[in-house]
file target02.pdb (PDB, C-alpha atoms and all ligand atoms)
ATOM      1  CA  MET Q 760      50.009 104.856  66.975  1.00  0.00           C
ATOM      2  CA  MET Q 761      53.711 104.043  67.397  1.00  0.00           C
ATOM      3  CA  LYS Q 762      56.265 105.497  64.940  1.00  0.00           C
ATOM      4  CA  LEU Q 763      59.228 103.605  63.516  1.00  0.00           C
ATOM      5  CA  HIS Q 764      62.191 105.213  61.756  1.00  0.00           C
ATOM      6  CA  TRP Q 765      62.365 102.675  58.956  1.00  0.00           C
ATOM      7  CA  SER Q 766      64.191 101.712  55.775  1.00  0.00           C
ATOM      8  CA  PRO Q 767      63.549  98.707  53.512  1.00  0.00           C
ATOM      9  CA  ARG Q 768      67.281  98.101  53.120  1.00  0.00           C
ATOM     10  CA  SER Q 769      68.298  98.042  56.786  1.00  0.00           C
ATOM     11  CA  PRO Q 770      68.961  94.603  58.296  1.00  0.00           C
ATOM     12  CA  PHE Q 771      68.468  95.972  61.815  1.00  0.00           C
ATOM     13  CA  VAL Q 772      65.123  97.521  60.875  1.00  0.00           C
ATOM     14  CA  ARG Q 773      64.223  94.132  59.405  1.00  0.00           C
ATOM     15  CA  LYS Q 774      64.622  92.552  62.857  1.00  0.00           C
ATOM     16  CA  VAL Q 775      61.933  94.893  64.142  1.00  0.00           C
ATOM     17  CA  MET Q 776      59.728  94.263  61.097  1.00  0.00           C
ATOM     18  CA  ILE Q 777      59.902  90.495  61.661  1.00  0.00           C
ATOM     19  CA  ALA Q 778      59.071  91.062  65.341  1.00  0.00           C
ATOM     20  CA  LEU Q 779      56.120  93.281  64.360  1.00  0.00           C
ATOM     21  CA  HIS Q 780      54.755  90.485  62.157  1.00  0.00           C
ATOM     22  CA  GLU Q 781      55.376  87.830  64.815  1.00  0.00           C
ATOM     23  CA  THR Q 782      53.708  89.877  67.579  1.00  0.00           C
ATOM     24  CA  GLY Q 783      50.768  90.992  65.421  1.00  0.00           C
ATOM     25  CA  LEU Q 784      51.537  94.665  66.127  1.00  0.00           C
ATOM     26  CA  LEU Q 785      52.314  95.767  62.551  1.00  0.00           C
ATOM     27  CA  ASP Q 786      49.061  97.738  62.223  1.00  0.00           C
ATOM     28  CA  GLU Q 787      49.925  99.782  65.300  1.00  0.00           C
ATOM     29  CA  VAL Q 788      53.049 101.327  63.766  1.00  0.00           C
ATOM     30  CA  GLU Q 789      53.528 104.156  61.304  1.00  0.00           C
ATOM     31  CA  LEU Q 790      56.646 103.520  59.186  1.00  0.00           C
ATOM     32  CA  VAL Q 791      58.666 106.662  58.486  1.00  0.00           C
ATOM     33  CA  ARG Q 792      61.257 106.280  55.714  1.00  0.00           C
ATOM     34  CA  SER Q 793      64.480 107.543  57.263  1.00  0.00           C
ATOM     35  CA  VAL Q 794      67.760 107.734  55.364  1.00  0.00           C
ATOM     36  CA  VAL Q 795      70.885 107.246  57.476  1.00  0.00           C
ATOM     37  CA  ALA Q 796      74.435 106.125  56.807  1.00  0.00           C
ATOM     38  CA  VAL Q 797      77.497 106.223  58.995  1.00  0.00           C
ATOM     39  CA  HIS Q 798      79.381 108.357  56.422  1.00  0.00           C
ATOM     40  CA  LEU Q 799      76.532 110.870  55.863  1.00  0.00           C
ATOM     41  CA  PRO Q 800      75.617 113.850  58.066  1.00  0.00           C
ATOM     42  CA  PRO Q 801      73.203 112.621  60.742  1.00  0.00           C
ATOM     43  CA  ASN Q 802      69.499 112.654  59.812  1.00  0.00           C
ATOM     44  CA  SER Q 803      68.050 115.390  62.045  1.00  0.00           C
ATOM     45  CA  ALA Q 804      64.621 113.733  62.425  1.00  0.00           C
ATOM     46  CA  VAL Q 805      66.277 110.522  63.633  1.00  0.00           C
ATOM     47  CA  LEU Q 806      68.700 112.456  65.843  1.00  0.00           C
ATOM     48  CA  THR Q 807      65.757 114.129  67.586  1.00  0.00           C
ATOM     49  CA  ASP Q 808      64.473 110.722  68.697  1.00  0.00           C
ATOM     50  CA  ASN Q 809      67.804 108.893  69.030  1.00  0.00           C
ATOM     51  CA  PRO Q 810      71.014 110.791  69.811  1.00  0.00           C
ATOM     52  CA  LEU Q 811      72.977 107.991  68.110  1.00  0.00           C
ATOM     53  CA  GLY Q 812      71.254 108.822  64.796  1.00  0.00           C
ATOM     54  CA  LYS Q 813      70.615 105.148  64.018  1.00  0.00           C
ATOM     55  CA  ILE Q 814      67.673 103.166  62.757  1.00  0.00           C
ATOM     56  CA  PRO Q 815      65.600 101.381  63.837  1.00  0.00           C
ATOM     57  CA  THR Q 816      64.244 103.853  66.383  1.00  0.00           C
ATOM     58  CA  LEU Q 817      60.710 103.441  67.718  1.00  0.00           C
ATOM     59  CA  VAL Q 818      58.581 106.113  69.371  1.00  0.00           C
ATOM     60  CA  THR Q 819      55.859 104.624  71.554  1.00  0.00           C
ATOM     61  CA  GLU Q 820      52.247 105.850  71.840  1.00  0.00           C
ATOM     62  CA  GLN Q 821      53.378 107.582  75.041  1.00  0.00           C
ATOM     63  CA  GLY Q 822      56.111 109.422  73.108  1.00  0.00           C
ATOM     64  CA  GLN Q 823      59.039 107.468  74.545  1.00  0.00           C
ATOM     65  CA  ALA Q 824      61.897 106.830  72.113  1.00  0.00           C
ATOM     66  CA  VAL Q 825      63.046 103.198  72.212  1.00  0.00           C
ATOM     67  CA  PHE Q 826      66.239 101.921  70.599  1.00  0.00           C
ATOM     68  CA  ASP Q 827      68.178  99.895  69.496  1.00  0.00           C
ATOM     69  CA  SER Q 828      66.709  96.879  67.606  1.00  0.00           C
ATOM     70  CA  ARG Q 829      67.303  94.605  70.610  1.00  0.00           C
ATOM     71  CA  VAL Q 830      65.388  96.843  72.983  1.00  0.00           C
ATOM     72  CA  ILE Q 831      62.612  97.552  70.468  1.00  0.00           C
ATOM     73  CA  CYS Q 832      62.082  93.827  69.835  1.00  0.00           C
ATOM     74  CA  GLU Q 833      61.926  93.143  73.578  1.00  0.00           C
ATOM     75  CA  TYR Q 834      59.506  96.046  74.038  1.00  0.00           C
ATOM     76  CA  LEU Q 835      57.207  94.659  71.310  1.00  0.00           C
ATOM     77  CA  ASP Q 836      57.457  91.137  72.725  1.00  0.00           C
ATOM     78  CA  MET Q 837      56.459  92.359  76.216  1.00  0.00           C
ATOM     79  CA  LYS Q 838      53.668  94.525  74.824  1.00  0.00           C
ATOM     80  CA  ALA Q 839      52.196  91.619  72.841  1.00  0.00           C
ATOM     81  CA  GLY Q 840      52.801  88.954  75.508  1.00  0.00           C
ATOM     82  CA  THR Q 841      54.606  86.718  73.004  1.00  0.00           C
ATOM     83  CA  GLU Q 842      57.815  84.765  73.702  1.00  0.00           C
ATOM     84  CA  LEU Q 843      60.402  85.931  71.201  1.00  0.00           C
ATOM     85  CA  PHE Q 844      62.471  86.421  74.367  1.00  0.00           C
ATOM     86  CA  SER Q 845      61.885  83.157  76.182  1.00  0.00           C
ATOM     87  CA  ALA Q 846      60.806  83.255  79.839  1.00  0.00           C
ATOM     88  CA  ASP Q 847      62.941  80.167  80.515  1.00  0.00           C
ATOM     89  CA  PRO Q 848      66.411  81.412  81.577  1.00  0.00           C
ATOM     90  CA  ALA Q 849      68.488  78.790  79.717  1.00  0.00           C
ATOM     91  CA  ALA Q 850      66.470  79.169  76.507  1.00  0.00           C
ATOM     92  CA  ARG Q 851      66.556  82.954  76.874  1.00  0.00           C
ATOM     93  CA  PHE Q 852      70.349  83.108  77.116  1.00  0.00           C
ATOM     94  CA  ASN Q 853      70.758  80.811  74.109  1.00  0.00           C
ATOM     95  CA  GLN Q 854      68.555  83.208  72.160  1.00  0.00           C
ATOM     96  CA  LEU Q 855      70.435  86.275  73.445  1.00  0.00           C
ATOM     97  CA  VAL Q 856      73.811  84.824  72.438  1.00  0.00           C
ATOM     98  CA  TRP Q 857      72.487  83.969  68.971  1.00  0.00           C
ATOM     99  CA  GLN Q 858      71.161  87.504  68.771  1.00  0.00           C
ATOM    100  CA  ALA Q 859      74.590  88.889  69.742  1.00  0.00           C
ATOM    101  CA  LEU Q 860      76.256  86.710  67.094  1.00  0.00           C
ATOM    102  CA  GLY Q 861      73.754  87.619  64.363  1.00  0.00           C
ATOM    103  CA  ASP Q 862      73.863  91.336  65.200  1.00  0.00           C
ATOM    104  CA  GLY Q 863      77.662  91.313  65.441  1.00  0.00           C
ATOM    105  CA  LEU Q 864      77.905  89.689  62.024  1.00  0.00           C
ATOM    106  CA  THR Q 865      75.517  92.266  60.572  1.00  0.00           C
ATOM    107  CA  ASP Q 866      77.543  95.097  62.137  1.00  0.00           C
ATOM    108  CA  ILE Q 867      80.709  93.839  60.445  1.00  0.00           C
ATOM    109  CA  LEU Q 868      78.994  93.408  57.066  1.00  0.00           C
ATOM    110  CA  LEU Q 869      77.633  96.978  57.193  1.00  0.00           C
ATOM    111  CA  LEU Q 870      80.946  98.534  58.257  1.00  0.00           C
ATOM    112  CA  TRP Q 871      82.964  96.439  55.808  1.00  0.00           C
ATOM    113  CA  ARG Q 872      80.880  97.652  52.902  1.00  0.00           C
ATOM    114  CA  THR Q 873      81.285 101.265  54.019  1.00  0.00           C
ATOM    115  CA  GLU Q 874      85.035 100.760  54.333  1.00  0.00           C
ATOM    116  CA  LEU Q 875      85.181  99.414  50.767  1.00  0.00           C
ATOM    117  CA  THR Q 876      83.554 102.561  49.403  1.00  0.00           C
ATOM    118  CA  ARG Q 877      86.101 104.868  51.071  1.00  0.00           C
ATOM    119  CA  GLU Q 878      87.733 107.054  48.427  1.00  0.00           C
ATOM    120  CA  SER Q 879      91.217 106.677  49.876  1.00  0.00           C
ATOM    121  CA  GLY Q 880      90.815 102.870  49.867  1.00  0.00           C
ATOM    122  CA  ALA Q 881      89.874 100.355  52.527  1.00  0.00           C
ATOM    123  CA  TRP Q 882      92.054  99.868  55.641  1.00  0.00           C
ATOM    124  CA  THR Q 883      93.185  96.336  54.848  1.00  0.00           C
ATOM    125  CA  ALA Q 884      94.337  95.443  58.377  1.00  0.00           C
ATOM    126  CA  VAL Q 885      90.767  96.076  59.478  1.00  0.00           C
ATOM    127  CA  THR Q 886      89.059  94.324  56.546  1.00  0.00           C
ATOM    128  CA  GLU Q 887      91.299  91.260  56.935  1.00  0.00           C
ATOM    129  CA  GLY Q 888      90.223  91.040  60.568  1.00  0.00           C
ATOM    130  CA  TRP Q 889      86.574  91.316  59.540  1.00  0.00           C
ATOM    131  CA  HIS Q 890      87.097  88.590  56.936  1.00  0.00           C
ATOM    132  CA  ALA Q 891      88.390  86.211  59.629  1.00  0.00           C
ATOM    133  CA  LYS Q 892      85.574  87.156  62.002  1.00  0.00           C
ATOM    134  CA  VAL Q 893      82.858  86.626  59.386  1.00  0.00           C
ATOM    135  CA  ARG Q 894      84.290  83.183  58.580  1.00  0.00           C
ATOM    136  CA  ALA Q 895      84.471  82.288  62.293  1.00  0.00           C
ATOM    137  CA  SER Q 896      80.925  83.533  62.903  1.00  0.00           C
ATOM    138  CA  MET Q 897      79.570  81.509  59.992  1.00  0.00           C
ATOM    139  CA  ALA Q 898      81.446  78.429  61.259  1.00  0.00           C
ATOM    140  CA  GLN Q 899      79.873  78.935  64.698  1.00  0.00           C
ATOM    141  CA  LEU Q 900      76.401  79.252  63.177  1.00  0.00           C
ATOM    142  CA  GLU Q 901      76.994  76.053  61.186  1.00  0.00           C
ATOM    143  CA  GLU Q 902      77.912  74.328  64.466  1.00  0.00           C
ATOM    144  CA  ASP Q 903      74.773  75.724  66.125  1.00  0.00           C
ATOM    145  CA  ALA Q 904      72.460  75.099  63.150  1.00  0.00           C
ATOM    146  CA  GLU Q 905      70.790  71.979  64.547  1.00  0.00           C
ATOM    147  CA  ALA Q 906      70.209  73.594  67.955  1.00  0.00           C
ATOM    148  CA  LEU Q 907      68.845  76.684  66.248  1.00  0.00           C
ATOM    149  CA  ALA Q 908      66.535  74.585  64.073  1.00  0.00           C
ATOM    150  CA  ALA Q 909      65.241  72.737  67.154  1.00  0.00           C
ATOM    151  CA  ALA Q 910      64.608  75.846  69.297  1.00  0.00           C
ATOM    152  CA  PRO Q 911      61.250  77.676  69.295  1.00  0.00           C
ATOM    153  CA  PHE Q 912      61.415  80.675  66.942  1.00  0.00           C
ATOM    154  CA  GLY Q 913      62.845  83.624  68.864  1.00  0.00           C
ATOM    155  CA  ILE Q 914      65.003  86.734  68.817  1.00  0.00           C
ATOM    156  CA  GLY Q 915      68.141  84.683  68.076  1.00  0.00           C
ATOM    157  CA  HIS Q 916      66.618  83.298  64.885  1.00  0.00           C
ATOM    158  CA  ILE Q 917      65.494  86.773  63.873  1.00  0.00           C
ATOM    159  CA  ALA Q 918      68.993  88.246  64.245  1.00  0.00           C
ATOM    160  CA  VAL Q 919      70.621  85.339  62.375  1.00  0.00           C
ATOM    161  CA  ILE Q 920      68.046  85.528  59.554  1.00  0.00           C
ATOM    162  CA  CYS Q 921      68.749  89.258  59.149  1.00  0.00           C
ATOM    163  CA  ALA Q 922      72.527  88.697  59.072  1.00  0.00           C
ATOM    164  CA  LEU Q 923      72.165  85.971  56.413  1.00  0.00           C
ATOM    165  CA  GLY Q 924      69.778  88.232  54.500  1.00  0.00           C
ATOM    166  CA  GLN Q 925      72.428  90.942  54.506  1.00  0.00           C
ATOM    167  CA  LEU Q 926      74.958  88.452  53.125  1.00  0.00           C
ATOM    168  CA  ASP Q 927      72.542  87.563  50.297  1.00  0.00           C
ATOM    169  CA  PHE Q 928      71.691  91.225  49.650  1.00  0.00           C
ATOM    170  CA  ARG Q 929      75.136  92.838  49.616  1.00  0.00           C
ATOM    171  CA  TRP Q 930      77.505  89.872  49.157  1.00  0.00           C
ATOM    172  CA  PRO Q 931      75.556  87.806  46.603  1.00  0.00           C
ATOM    173  CA  ASP Q 932      78.573  85.998  45.153  1.00  0.00           C
ATOM    174  CA  CYS Q 933      79.929  84.621  48.454  1.00  0.00           C
ATOM    175  CA  ALA Q 934      78.038  81.297  47.982  1.00  0.00           C
ATOM    176  CA  TRP Q 935      77.767  80.746  51.764  1.00  0.00           C
ATOM    177  CA  ARG Q 936      75.207  77.958  51.249  1.00  0.00           C
ATOM    178  CA  ASP Q 937      77.871  75.793  49.566  1.00  0.00           C
ATOM    179  CA  PHE Q 938      80.092  75.927  52.646  1.00  0.00           C
ATOM    180  CA  PHE Q 939      77.579  75.804  55.518  1.00  0.00           C
ATOM    181  CA  PRO Q 940      75.057  73.092  54.541  1.00  0.00           C
ATOM    182  CA  LYS Q 941      73.325  72.668  57.935  1.00  0.00           C
ATOM    183  CA  LEU Q 942      72.817  76.397  58.277  1.00  0.00           C
ATOM    184  CA  SER Q 943      71.585  76.522  54.701  1.00  0.00           C
ATOM    185  CA  MET Q 944      68.978  73.821  55.458  1.00  0.00           C
ATOM    186  CA  ALA Q 945      67.784  75.643  58.575  1.00  0.00           C
ATOM    187  CA  GLU Q 946      67.634  78.934  56.694  1.00  0.00           C
ATOM    188  CA  LYS Q 947      65.450  77.369  54.017  1.00  0.00           C
ATOM    189  CA  ASP Q 948      62.808  76.585  56.659  1.00  0.00           C
ATOM    190  CA  TRP Q 949      62.988  80.066  58.199  1.00  0.00           C
ATOM    191  CA  ALA Q 950      62.711  81.643  54.749  1.00  0.00           C
ATOM    192  CA  ALA Q 951      59.296  80.006  54.403  1.00  0.00           C
ATOM    193  CA  CYS Q 952      57.894  81.837  57.488  1.00  0.00           C
ATOM    194  CA  ALA Q 953      55.377  84.550  56.590  1.00  0.00           C
ATOM    195  CA  SER Q 954      57.191  87.142  58.746  1.00  0.00           C
ATOM    196  CA  VAL Q 955      60.495  86.456  56.980  1.00  0.00           C
ATOM    197  CA  ARG Q 956      59.013  86.421  53.472  1.00  0.00           C
ATOM    198  CA  ALA Q 957      57.126  89.669  54.085  1.00  0.00           C
ATOM    199  CA  THR Q 958      60.231  91.560  55.194  1.00  0.00           C
ATOM    200  CA  ALA Q 959      62.802  90.757  52.501  1.00  0.00           C
ATOM    201  CA  ILE Q 960      65.342  93.552  52.165  1.00  0.00           C
ATOM    202  CA  PHE Q 961      65.210  95.697  49.032  1.00  0.00           C
ATOM    203  CA  ASP Q 962      66.918  98.821  47.782  1.00  0.00           C
ATOM    204  CA  ASP Q 963      64.421 101.636  47.132  1.00  0.00           C
ATOM    205  CA  GLN Q 964      67.135 104.095  46.136  1.00  0.00           C
ATOM    206  CA  ASP Q 965      69.294 104.453  43.074  1.00  0.00           C
ATOM    207  CA  SER Q 966      72.522 102.790  44.134  1.00  0.00           C
ATOM    208  CA  ASN Q 967      75.372 101.136  42.267  1.00  0.00           C
ATOM    209  CA  ALA Q 968      77.241 100.435  45.482  1.00  0.00           C
ATOM    210  CA  GLY Q 969      75.975  96.836  45.361  1.00  0.00           C
ATOM    211  CA  GLU Q 970      78.992  96.081  43.205  1.00  0.00           C
ATOM    212  CA  VAL Q 971      81.643  96.985  45.729  1.00  0.00           C
ATOM    213  CA  THR Q 972      81.503  93.723  47.644  1.00  0.00           C
ATOM    214  CA  THR Q 973      81.965  91.451  44.616  1.00  0.00           C
ATOM    215  CA  GLY Q 974      84.792  88.995  45.205  1.00  0.00           C
ATOM    216  CA  GLN Q 975      85.615  90.433  48.632  1.00  0.00           C
ATOM    217  CA  LEU Q 976      84.341  87.589  50.803  1.00  0.00           C
ATOM    218  CA  ARG Q 977      85.441  83.988  50.307  1.00  0.00           C
ATOM    219  CA  PHE Q 978      84.898  80.987  52.550  1.00  0.00           C
ATOM    220  CA  THR Q 979      87.774  78.954  51.059  1.00  0.00           C
ATOM    221  CA  GLY Q 980      91.406  79.601  50.253  1.00  0.00           C
TER     222      GLY Q 980
HETATM  223  N1  LIG K1001      72.874  98.108  67.348  1.00  0.00           N
HETATM  224  C1  LIG K1001      71.963  98.820  66.494  1.00  0.00           C
HETATM  225  C2  LIG K1001      72.581  98.973  65.099  1.00  0.00           C
HETATM  226  C3  LIG K1001      71.701  99.811  64.191  1.00  0.00           C
HETATM  227  C4  LIG K1001      72.436 100.261  62.936  1.00  0.00           C
HETATM  228  O1  LIG K1001      73.667 100.177  62.816  1.00  0.00           O
HETATM  229  N2  LIG K1001      71.658 100.757  61.992  1.00  0.00           N
HETATM  230  C5  LIG K1001      72.240 101.302  60.775  1.00  0.00           C
HETATM  231  C6  LIG K1001      71.308 101.085  59.605  1.00  0.00           C
HETATM  232  S1  LIG K1001      71.182  99.365  59.217  1.00  0.00           S
HETATM  233  C7  LIG K1001      72.380 102.812  60.969  1.00  0.00           C
HETATM  234  O2  LIG K1001      71.514 103.416  61.537  1.00  0.00           O
HETATM  235  N3  LIG K1001      73.489 103.371  60.485  1.00  0.00           N
HETATM  236  C8  LIG K1001      73.728 104.780  60.545  1.00  0.00           C
HETATM  237  C9  LIG K1001      74.817 105.145  61.487  1.00  0.00           C
HETATM  238  O3  LIG K1001      75.480 104.256  62.057  1.00  0.00           O
HETATM  239  O4  LIG K1001      75.036 106.342  61.661  1.00  0.00           O
HETATM  240  C10 LIG K1001      70.621  98.074  66.444  1.00  0.00           C
HETATM  241  O5  LIG K1001      70.603  96.889  66.812  1.00  0.00           O
HETATM  242  O6  LIG K1001      69.588  98.680  66.114  1.00  0.00           O
END
call {"tool": "encode", "arguments": {"input": "target02.pdb", "output": "structure tokens"}}
result
Amino acid sequence: MMKLHWSPRSPFVRKVMIALHETGLLDEVELVRSVVAVHLPPNSAVLTDNPLGKIPTLVTEQGQAVFDSRVICEYLDMKAGTELFSADPAARFNQLVWQALGDGLTDILLLWRTELTRESGAWTAVTEGWHAKVRASMAQLEEDAEALAAAPFGIGHIAVICALGQLDFRWPDCAWRDFFPKLSMAEKDWAACASVRATAIFDDQDSNAGEVTTGQLRFTG
């Protein structure tokens, strides 16, 4: 049995969960609820398997620790013989760039939210930069939406779905669907996939921090 350091509210863990559904390997993994946050002392159980203290972290049947989400998803894809990472070089690099864009967007959304909860106040030079980068990333995804919709489902789609899921989860009033209609249409189709439906993010812990992002992200003005 493999072991996965897991949380139901982590967008990066969700990438691995979607990959587990897509590869049919879900039954071969024990999910271990692991609490981590960049502003909390490192979780010692996670640190033992991953010196970076981040989730997702997978431990294989052979006891090898595999991280981060990109490497875990590729490991699962190879193990199952699926093609979430296309064998065709051009298709593969399209998927890898979409993955980099989706993951980069998720990174910003996670860090931005942490910055907003800082007692001494957020560093506005940094958050303004993130605001511009989120807008530019969403504009790029809107431009790529038709190509994404036409490509066979892969790691790029998974990363983008998890980034958009994080927007819906933590930035629910940003109304991104009103501003990026092609992406919104593509996302509607992905949302119908069993692997995407089965892995929706949820908060299993008492947390009022959901409020901190209200009004922070706007796509106009
Ligand atoms: N590049 C990593 C990012 C993983 C990541 O940032 N995970 C968050 C949870 S969603 C985490 O572990 N944060 C705790 C920390 O940064 O110390 C991946 O793709 O897995």
call {"tool": "axis_aligned_box", "arguments": {"input": "target02.pdb", "around": "ligand LIG 1001 (chain K)", "padding_each_side": "6 Å", "output": "lines of an AutoDock Vina configuration file"}}
result
center_x = 72.5
center_y = 101.6
center_z = 63.3
size_x = 17.9
size_y = 21.5
size_z = 20.1
call {"tool": "closest_atom_pairs", "arguments": {"input": "target02.pdb", "of": "segment 876-920 of chain Q", "to": "segment 836-855 of chain Q", "cutoff": "8 Å", "atoms": "all atoms listed in the file", "output": "CSV"}}
result
residue,atom,partner,partner_atom,distance
Q:Phe912,CA,Q:Leu843,CA,6.8
Q:Gly913,CA,Q:Leu843,CA,4.1
Q:Ile914,CA,Q:Leu843,CA,5.2
Q:Gly915,CA,Q:Gln854,CA,4.4
Q:His916,CA,Q:Gln854,CA,7.5
call {"tool": "write_last_selection", "arguments": {"input": "target02.pdb", "atoms": "C-alpha atoms", "output": "CSV table (one decimal), in the coordinates of the input"}}
result
chain,number,residue,atom,x,y,z
Q,912,PHE,CA,61.4,80.7,66.9
Q,913,GLY,CA,62.8,83.6,68.9
Q,914,ILE,CA,65.0,86.7,68.8
Q,915,GLY,CA,68.1,84.7,68.1
Q,916,HIS,CA,66.6,83.3,64.9
call {"tool": "residues_near_ligand", "arguments": {"input": "target02.pdb", "ligand": "ligand LIG 1001 (chain K)", "cutoff": "9 Å", "atoms": "all atoms listed in the file", "output": "ChimeraX atom specification"}}
result
/Q:766,768-775,794-802,811-816,826-831,862-863,865-866,869-870
call {"tool": "atom_distance", "arguments": {"input": "target02.pdb", "atom1": "atom CA of Tyr834 of chain Q", "atom2": "atom CA of Asp786 of chain Q"}}
result
15.9 Å
call {"tool": "residues_around", "arguments": {"input": "target02.pdb", "residues": "Gly888 of chain Q", "least_positions_apart": "5", "cutoff": "10 Å", "atoms": "only C-alpha atoms", "output": "VMD selection string"}}
result
chain Q and resid 867 883 893
call {"tool": "write_last_selection", "arguments": {"input": "target02.pdb", "atoms": "C-alpha atoms", "output": "PDB file, in the coordinates of the input"}}
result
ATOM      1  CA  ILE Q 867      80.709  93.839  60.445  1.00  0.00           C
ATOM      2  CA  THR Q 883      93.185  96.336  54.848  1.00  0.00           C
ATOM      3  CA  VAL Q 893      82.858  86.626  59.386  1.00  0.00           C
TER       4      VAL Q 893
END
call {"tool": "atom_distance", "arguments": {"input": "target02.pdb", "atom1": "atom CA of Met776 of chain Q", "atom2": "atom CA of Met760 of chain Q"}}
result
15.5 Å
call {"tool": "closest_residue", "arguments": {"input": "target02.pdb", "among": "Q:Ser793, Q:Glu887, Q:Leu900, Q:Cys933", "to": "Ala918 of chain Q", "atoms": "all atoms listed in the file"}}
result
Q:Leu900
call {"tool": "atom_distance", "arguments": {"input": "target02.pdb", "atom1": "atom CA of Thr886 of chain Q", "atom2": "atom CA of Trp871 of chain Q"}}
result
6.5 Å
call {"tool": "residues_near_point", "arguments": {"input": "target02.pdb", "point": "(67.2, 89.8, 54.6)", "cutoff": "7 Å", "atoms": "all atoms listed in the file", "output": "PyMOL selection string"}}
result
chain Q and resi 770+920-921+923-925+928+959-960
call {"tool": "closest_residue", "arguments": {"input": "target02.pdb", "among": "Q:Phe978, Q:Thr782, Q:Ala910, Q:Glu820", "to": "Ala945 of chain Q", "atoms": "all atoms listed in the file"}}
result
Q:Ala910
call {"tool": "closest_residue", "arguments": {"input": "target02.pdb", "among": "Q:Leu976, Q:Val788, Q:Ile917, Q:Val825", "to": "Ala891 of chain Q", "atoms": "all atoms listed in the file"}}
result
Q:Leu976
call {"tool": "resolve_selection", "arguments": {"input": "target02.pdb", "expression": "the PyMOL selection byres (((chain Q and resi 876-879) around 10) and not hetatm)", "output": "JSON, numbers by chain"}}
result
{"Q": [798, 871, 872, 873, 874, 875, 880, 881, 882, 968, 971, 972]}
call {"tool": "resolve_selection", "arguments": {"input": "target02.pdb", "expression": "the PyMOL selection byres (((chain Q and resi 953) around 12) and not hetatm)", "output": "PDB file with C-alpha atoms, in the coordinates of the input"}}
result
ATOM      1  CA  MET Q 776      59.728  94.263  61.097  1.00  0.00           C
ATOM      2  CA  ILE Q 777      59.902  90.495  61.661  1.00  0.00           C
ATOM      3  CA  ALA Q 778      59.071  91.062  65.341  1.00  0.00           C
ATOM      4  CA  LEU Q 779      56.120  93.281  64.360  1.00  0.00           C
ATOM      5  CA  HIS Q 780      54.755  90.485  62.157  1.00  0.00           C
ATOM      6  CA  GLU Q 781      55.376  87.830  64.815  1.00  0.00           C
ATOM      7  CA  GLY Q 783      50.768  90.992  65.421  1.00  0.00           C
ATOM      8  CA  ASP Q 948      62.808  76.585  56.659  1.00  0.00           C
ATOM      9  CA  TRP Q 949      62.988  80.066  58.199  1.00  0.00           C
ATOM     10  CA  ALA Q 950      62.711  81.643  54.749  1.00  0.00           C
ATOM     11  CA  ALA Q 951      59.296  80.006  54.403  1.00  0.00           C
ATOM     12  CA  CYS Q 952      57.894  81.837  57.488  1.00  0.00           C
ATOM     13  CA  SER Q 954      57.191  87.142  58.746  1.00  0.00           C
ATOM     14  CA  VAL Q 955      60.495  86.456  56.980  1.00  0.00           C
ATOM     15  CA  ARG Q 956      59.013  86.421  53.472  1.00  0.00           C
ATOM     16  CA  ALA Q 957      57.126  89.669  54.085  1.00  0.00           C
ATOM     17  CA  THR Q 958      60.231  91.560  55.194  1.00  0.00           C
ATOM     18  CA  ALA Q 959      62.802  90.757  52.501  1.00  0.00           C
TER      19      ALA Q 959
END
call {"tool": "resolve_selection", "arguments": {"input": "target02.pdb", "expression": "the PyMOL selection byres (((chain Q and resi 905) around 12) and not hetatm)", "output": "number ranges by chain"}}
result
Q: 899-904, 906-910, 939-946
call {"tool": "closest_residue", "arguments": {"input": "target02.pdb", "among": "Q:Ala884, Q:Leu784, Q:Leu817, Q:Leu806", "to": "Trp765 of chain Q", "atoms": "all atoms listed in the file"}}
result
Q:Leu817
call {"tool": "closest_residue", "arguments": {"input": "target02.pdb", "among": "Q:Ala934, Q:Trp857, Q:Pro767, Q:Leu785", "to": "Ser896 of chain Q", "atoms": "all atoms listed in the file"}}
result
Q:Trp857
call {"tool": "build_atoms", "arguments": {"input": "target02.pdb", "residues": "segment 876-883 of chain Q", "atoms": "N, CA and C atoms", "output": "short mmCIF file (atom, residue, chain, number, x, y, z; two decimals), keeping the file's coordinate frame"}}
result
data_model
loop_
_atom_site.label_atom_id
_atom_site.label_comp_id
_atom_site.auth_asym_id
_atom_site.auth_seq_id
_atom_site.Cartn_x
_atom_site.Cartn_y
_atom_site.Cartn_z
N THR Q 876 83.92 101.43 50.27
CA THR Q 876 83.55 102.56 49.40
C THR Q 876 84.40 103.81 49.72
N ARG Q 877 85.30 103.70 50.67
CA ARG Q 877 86.10 104.87 51.07
C ARG Q 877 87.01 105.28 49.92
N GLU Q 878 86.98 106.58 49.60
CA GLU Q 878 87.73 107.05 48.43
C GLU Q 878 89.22 106.75 48.53
N SER Q 879 89.77 106.89 49.72
CA SER Q 879 91.22 106.68 49.88
C SER Q 879 91.57 105.19 49.98
N GLY Q 880 90.56 104.32 49.82
CA GLY Q 880 90.82 102.87 49.87
C GLY Q 880 90.52 102.30 51.23
N ALA Q 881 90.23 101.01 51.26
CA ALA Q 881 89.87 100.36 52.53
C ALA Q 881 91.13 100.14 53.38
N TRP Q 882 90.97 100.15 54.68
CA TRP Q 882 92.05 99.87 55.64
C TRP Q 882 92.16 98.35 55.71
N THR Q 883 93.17 97.79 55.03
CA THR Q 883 93.18 96.34 54.85
C THR Q 883 93.42 95.57 56.15
#
